[in-house]
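As structure tokens, the structure follows; a few thoughts come after it.
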Amino acid sequence: MRSDYRTARALVTGASSGIGEAFAKALAARGCDLVLVARRRERLEPLAKELEERHGISCVSVPFDLSARHPGTELRALVEGDVDILINSAGFATQGPFVEGDAEDFARVLAVDVGAVVDLCHAFLPEMVRRRRGAIVNVSSTTAYQPVPTLAVYAAAKAFVLSFSQSLWYEARQHGVTVFSFAPGPTHTEFFDVIGETATAVGRMQSADQVAAAGLRALDRRWTPPSAVSGVSNTISAALARLVPRRVLLPALARSLRPVEAKR
């Protein structure tokens with residue numbers, strides 16, 4: 001998809017920090033009007049004001065918890081006007097052995113990382129199909145390409161997003177709409193404040209700005225692929241993960257995902 005961002009309006013979830021915030025800033029710099037969605041009003045509203053003043057765009061903040069039931073239906077009712085680009089960037093994760101995890105945390109991972117993605121696509125994609133234009137970027141993760149011990153629920157959720165987005169890519173493209181999965185690798189965001197810094201991440205993490213720029217480059221292609229990965233090394237790693245036998249890959253991943261402090 002190639003878009004004139006100056007005549008477009010994008011809805012970005014998870015916009016109060018990390019990759020979502022970076023997408024919002026990158027789109028604003030291109031002249032795109034924005035609807036920013038996140039839980040934290042205290043961070044969302046100042047960001048919306050900053051982007052409006054800096055770039056002369058319209059920027060609406062919508063404080064909203066995406067773990068709510070049917071978030072897409074509620075957001076569609078709250079957001080007035082067309083949405084040309086949907087960036088599903090909100091995410092939630094917990095790390096640790098599955099048997100030691102909290103069931104409520106797992107339910108939240110599935111609600112935000114899977115349920116909200118499906119529900120928002122279902123709420124906004126039909127209008128794009130009717131207009132025969134629009135784009136949806138579902139932010140996945142390189143964990144989607146492999147099982148990950150201690151991130152079992154999160155990795156499985158992102159694998160769902162990958163498969164779901166690839167199916168929608170085919171269904172939507174005949175109607176002039178672009179849908180694809182975009183997979184960042186380890187990124188300098190608050191995500192690692194939640195799951196803890198790991199040896200895997202050290203030394204090869206991208207910034208959120210680099211990730212957002214890569215995502216928009218994928219969106220700007222004349223023929224956007226069903227899925228894209230941020231960065232050459234992450235692309236290679238994702239491809240290799242599909243080839244390595246699981247009984248070899250899983251122990252290696254388990255070792256690499258131990259907290260850095262435990263290895264010193």
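Letters A, B, ... go to the chains of the structure tokens in the order shown; residues in each chain start at 1; ligands are counted from 1 in the same order.
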Would you list the contacts of region 66-82 of chain A as a VMD selection string, taking every protein, DNA or RNA residue within 7 Å and counting only C-alpha atoms, but skipping same-chain residues closer than 3 positions in sequence?
-> chain A and resid 108 111 to 112 116 119 to 120 123
Restricted to N, CA and C atoms, what would the selected residues look like written as a PDB file, in the first residue's frame?
```pdb
ATOM      1  N   ARG A 108      -5.374 -11.886  30.595  1.00  0.00           N
ATOM      2  CA  ARG A 108      -5.149 -10.528  30.082  1.00  0.00           C
ATOM      3  C   ARG A 108      -4.272 -10.556  28.828  1.00  0.00           C
ATOM      4  N   ALA A 111      -6.564 -11.541  26.107  1.00  0.00           N
ATOM      5  CA  ALA A 111      -7.553 -10.508  25.807  1.00  0.00           C
ATOM      6  C   ALA A 111      -6.951  -9.367  25.006  1.00  0.00           C
ATOM      7  N   VAL A 112      -5.761  -8.911  25.401  1.00  0.00           N
ATOM      8  CA  VAL A 112      -5.136  -7.758  24.742  1.00  0.00           C
ATOM      9  C   VAL A 112      -4.437  -8.165  23.451  1.00  0.00           C
ATOM     10  N   ALA A 116      -8.379  -8.413  21.424  1.00  0.00           N
ATOM     11  CA  ALA A 116      -8.514  -7.029  20.967  1.00  0.00           C
ATOM     12  C   ALA A 116      -8.129  -6.886  19.498  1.00  0.00           C
ATOM     13  N   ASP A 119     -11.048  -8.245  17.503  1.00  0.00           N
ATOM     14  CA  ASP A 119     -12.243  -7.413  17.639  1.00  0.00           C
ATOM     15  C   ASP A 119     -12.094  -6.075  16.921  1.00  0.00           C
ATOM     16  N   LEU A 120     -10.905  -5.465  17.000  1.00  0.00           N
ATOM     17  CA  LEU A 120     -10.705  -4.194  16.302  1.00  0.00           C
ATOM     18  C   LEU A 120     -10.689  -4.392  14.790  1.00  0.00           C
ATOM     19  N   ALA A 123     -14.185  -4.676  13.747  1.00  0.00           N
ATOM     20  CA  ALA A 123     -14.922  -3.413  13.850  1.00  0.00           C
ATOM     21  C   ALA A 123     -14.586  -2.443  12.726  1.00  0.00           C
TER      22      ALA A 123
END
```
Residues within 10 Å of region 151-157 of chain A, please, as a tab-separated table (two decimals) with N, CA and C atoms, in the first residue's frame. Count only C-alpha atoms; anything in the same chain fewer than 4 positions from it doesn't count.
```tsv
chain	number	residue	atom	x	y	z
A	91	GLY	N	0.10	-4.38	23.61
A	91	GLY	CA	0.50	-5.74	23.96
A	91	GLY	C	0.71	-5.88	25.45
A	92	PHE	N	0.63	-7.11	25.92
A	92	PHE	CA	0.83	-7.42	27.33
A	92	PHE	C	1.51	-8.77	27.42
A	93	ALA	N	2.43	-8.91	28.37
A	93	ALA	CA	3.16	-10.18	28.51
A	93	ALA	C	3.54	-10.42	29.96
A	94	THR	N	3.70	-11.67	30.29
A	94	THR	CA	4.31	-12.08	31.55
A	94	THR	C	5.35	-13.15	31.23
A	95	GLN	N	6.39	-13.22	32.05
A	95	GLN	CA	7.44	-14.21	31.82
A	95	GLN	C	7.60	-15.08	33.05
A	96	GLY	N	7.86	-16.35	32.82
A	96	GLY	CA	8.10	-17.29	33.91
A	96	GLY	C	7.55	-18.65	33.55
A	97	PRO	N	7.89	-19.67	34.33
A	97	PRO	CA	7.33	-21.00	34.08
A	97	PRO	C	5.80	-20.96	34.09
A	98	PHE	N	5.20	-21.65	33.14
A	98	PHE	CA	3.74	-21.61	33.00
A	98	PHE	C	3.03	-22.04	34.28
A	105	ASP	N	-3.37	-13.12	34.74
A	105	ASP	CA	-2.38	-12.54	33.82
A	105	ASP	C	-2.46	-13.20	32.44
A	106	PHE	N	-2.60	-14.52	32.42
A	106	PHE	CA	-2.72	-15.21	31.13
A	106	PHE	C	-3.98	-14.75	30.38
A	107	ALA	N	-5.07	-14.58	31.13
A	107	ALA	CA	-6.31	-14.12	30.50
A	107	ALA	C	-6.14	-12.73	29.91
A	109	VAL	N	-3.25	-11.41	28.81
A	109	VAL	CA	-2.42	-11.55	27.61
A	109	VAL	C	-3.31	-11.92	26.42
A	110	LEU	N	-4.17	-12.90	26.60
A	110	LEU	CA	-5.03	-13.34	25.50
A	110	LEU	C	-6.05	-12.28	25.11
A	111	ALA	N	-6.56	-11.54	26.11
A	111	ALA	CA	-7.55	-10.51	25.81
A	111	ALA	C	-6.95	-9.37	25.01
A	112	VAL	N	-5.76	-8.91	25.40
A	112	VAL	CA	-5.14	-7.76	24.74
A	112	VAL	C	-4.44	-8.17	23.45
A	113	ASP	N	-3.66	-9.25	23.50
A	113	ASP	CA	-2.81	-9.62	22.37
A	113	ASP	C	-3.55	-10.38	21.27
A	114	VAL	N	-4.66	-11.02	21.63
A	114	VAL	CA	-5.44	-11.79	20.65
A	114	VAL	C	-6.84	-11.20	20.48
A	115	GLY	N	-7.60	-11.18	21.57
A	115	GLY	CA	-9.00	-10.75	21.49
A	115	GLY	C	-9.17	-9.36	20.94
A	140	SER	N	3.00	-8.00	15.71
A	140	SER	CA	3.22	-9.32	16.29
A	140	SER	C	4.56	-9.30	17.02
A	141	SER	N	5.40	-10.27	16.79
A	141	SER	CA	6.71	-10.37	17.44
A	141	SER	C	7.48	-11.49	16.77
A	142	THR	N	8.80	-11.44	16.85
A	142	THR	CA	9.58	-12.55	16.33
A	142	THR	C	9.32	-13.83	17.13
A	143	THR	N	8.76	-13.71	18.33
A	143	THR	CA	8.38	-14.92	19.07
A	143	THR	C	7.27	-15.69	18.36
A	144	ALA	N	6.58	-15.05	17.42
A	144	ALA	CA	5.52	-15.73	16.67
A	144	ALA	C	6.06	-16.87	15.81
A	145	TYR	N	7.36	-16.83	15.52
A	145	TYR	CA	7.95	-17.80	14.60
A	145	TYR	C	8.54	-19.02	15.31
A	146	GLN	N	8.37	-19.08	16.64
A	146	GLN	CA	8.95	-20.18	17.40
A	146	GLN	C	8.26	-20.29	18.76
A	147	PRO	N	8.19	-21.48	19.33
A	147	PRO	CA	7.73	-21.58	20.72
A	147	PRO	C	8.80	-21.03	21.65
A	161	VAL	N	-1.59	-14.04	15.99
A	161	VAL	CA	-1.66	-12.78	15.25
A	161	VAL	C	-1.02	-12.93	13.88
A	162	LEU	N	0.10	-13.64	13.80
A	162	LEU	CA	0.77	-13.86	12.52
A	162	LEU	C	-0.14	-14.61	11.55
A	195	ILE	N	8.87	-8.10	31.62
A	195	ILE	CA	9.36	-9.48	31.59
A	195	ILE	C	10.79	-9.62	32.09
A	254	ALA	N	15.49	-21.55	26.05
A	254	ALA	CA	15.30	-21.52	27.50
A	254	ALA	C	16.54	-20.97	28.21
A	257	LEU	N	16.92	-17.12	27.58
A	257	LEU	CA	15.90	-16.25	28.17
A	257	LEU	C	15.98	-16.18	29.68
```
Compare A:Leu125, A:Leu11, A:Ala183, A:Ala135 by their minimum atom-to-atom distance to Ala38 (chain A), counting only C-alpha atoms, and give me the closest one.
->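 Checking each of A:Leu125, A:Leu11, A:Ala183, A:Ala135 against Ala38 (chain A), counting only C-alpha atoms, the winner is A:Leu11.
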Residues of region 212-244 of chain A in helix (DSSP H, G or I) according to DSSP, as a list in words?
-> Ala212, Ala213, Ala214, Gly215, Leu216, Arg217, Ala218, Leu219, Asp220, Val232, Ser233, Asn234, Thr235, Ile236, Ser237, Ala238, Ala239, Leu240, Ala241, Arg242 and Leu243 of chain A
Can you pull out every residue within 12 Å of Glu52 (chain A), counting only C-alpha atoms, but drop anything in the same chain fewer than 3 positions away, and send it as a PDB file with C-alpha atoms, in the first residue's frame?
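The resulting file, result_8.pdb, is shown below:
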```pdb
ATOM      1  CA  ALA A  24       2.095   7.720  16.495  1.00  0.00           C
ATOM      2  CA  LYS A  25       5.049  10.106  16.265  1.00  0.00           C
ATOM      3  CA  LEU A  27       2.650   9.061  11.428  1.00  0.00           C
ATOM      4  CA  ALA A  28       2.208  12.560  12.851  1.00  0.00           C
ATOM      5  CA  ALA A  29       5.480  13.622  11.226  1.00  0.00           C
ATOM      6  CA  GLY A  31       0.947  14.699   8.431  1.00  0.00           C
ATOM      7  CA  CYS A  32      -1.464  11.912   9.368  1.00  0.00           C
ATOM      8  CA  ASP A  33      -4.388  12.707  11.689  1.00  0.00           C
ATOM      9  CA  LEU A  34      -4.483  10.394  14.697  1.00  0.00           C
ATOM     10  CA  VAL A  35      -6.687   8.642  17.207  1.00  0.00           C
ATOM     11  CA  LEU A  36      -4.510   7.453  20.095  1.00  0.00           C
ATOM     12  CA  GLU A  45      -3.358  13.299  26.580  1.00  0.00           C
ATOM     13  CA  PRO A  46      -0.007  15.174  26.791  1.00  0.00           C
ATOM     14  CA  LEU A  47       1.261  13.155  23.812  1.00  0.00           C
ATOM     15  CA  ALA A  48      -1.807  14.045  21.745  1.00  0.00           C
ATOM     16  CA  LYS A  49      -1.383  17.729  22.570  1.00  0.00           C
ATOM     17  CA  HIS A  55       2.783  18.849  13.375  1.00  0.00           C
ATOM     18  CA  GLY A  56      -0.473  20.768  12.947  1.00  0.00           C
ATOM     19  CA  ILE A  57      -2.589  17.621  12.806  1.00  0.00           C
ATOM     20  CA  SER A  58      -5.813  16.546  14.492  1.00  0.00           C
ATOM     21  CA  CYS A  59      -4.984  14.146  17.335  1.00  0.00           C
ATOM     22  CA  VAL A  60      -7.684  12.646  19.548  1.00  0.00           C
ATOM     23  CA  SER A  61      -6.835  10.694  22.707  1.00  0.00           C
TER      24      SER A  61
END
```
Have a look at CA of Arg6 (chain A) and CA of Gly20 (chain A) and let me know their distance in Å, one decimal.
->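 Computed distance, CA of Arg6 (chain A) to CA of Gly20 (chain A), equals 19.4 Å.
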Just the strand (DSSP E) stuff from region 110-220 of chain A, please, per backbone DSSP, written as number ranges by chain.
-> A: 135-139, 178-183, 187-188, 206-207
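Here CA of Pro225 (chain A) and CA of Val117 (chain A) stand 18.8 Å from one another.
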Residues within 12 Å of Val129 (chain A), only C-alpha atoms, excluding chain neighbours under 2 positions, as a PyMOL selection string | chain A and resi 83-84+121-127+131-136+168+171-179
For CA of Ser233 (chain A) and CA of Asn88 (chain A), determine how far apart the two atoms are, in Å to one decimal place.
-> 23.6 Å
Restricting the calculation to only C-alpha atoms, which member of A:Ser256, A:Asn138, A:Ser89, A:Asn234 is positioned closest to Pro186 (chain A)?
-> A:Asn234
Considering only C-alpha atoms, state which residue in the set A:Val99, A:Ile19, A:Phe64, A:Gly14 is at the smallest distance from Pro149 (chain A).
->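 Smallest separation from Pro149 (chain A) among the options: A:Val99.
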Near-region 209-220 of chain A list (9 Å; only C-alpha atoms; drop same-chain fewer than 2 positions) as number ranges by chain | A: 1-3, 18-27, 135, 137, 139, 178, 180, 182-185, 187, 206-207, 222-225, 227-231
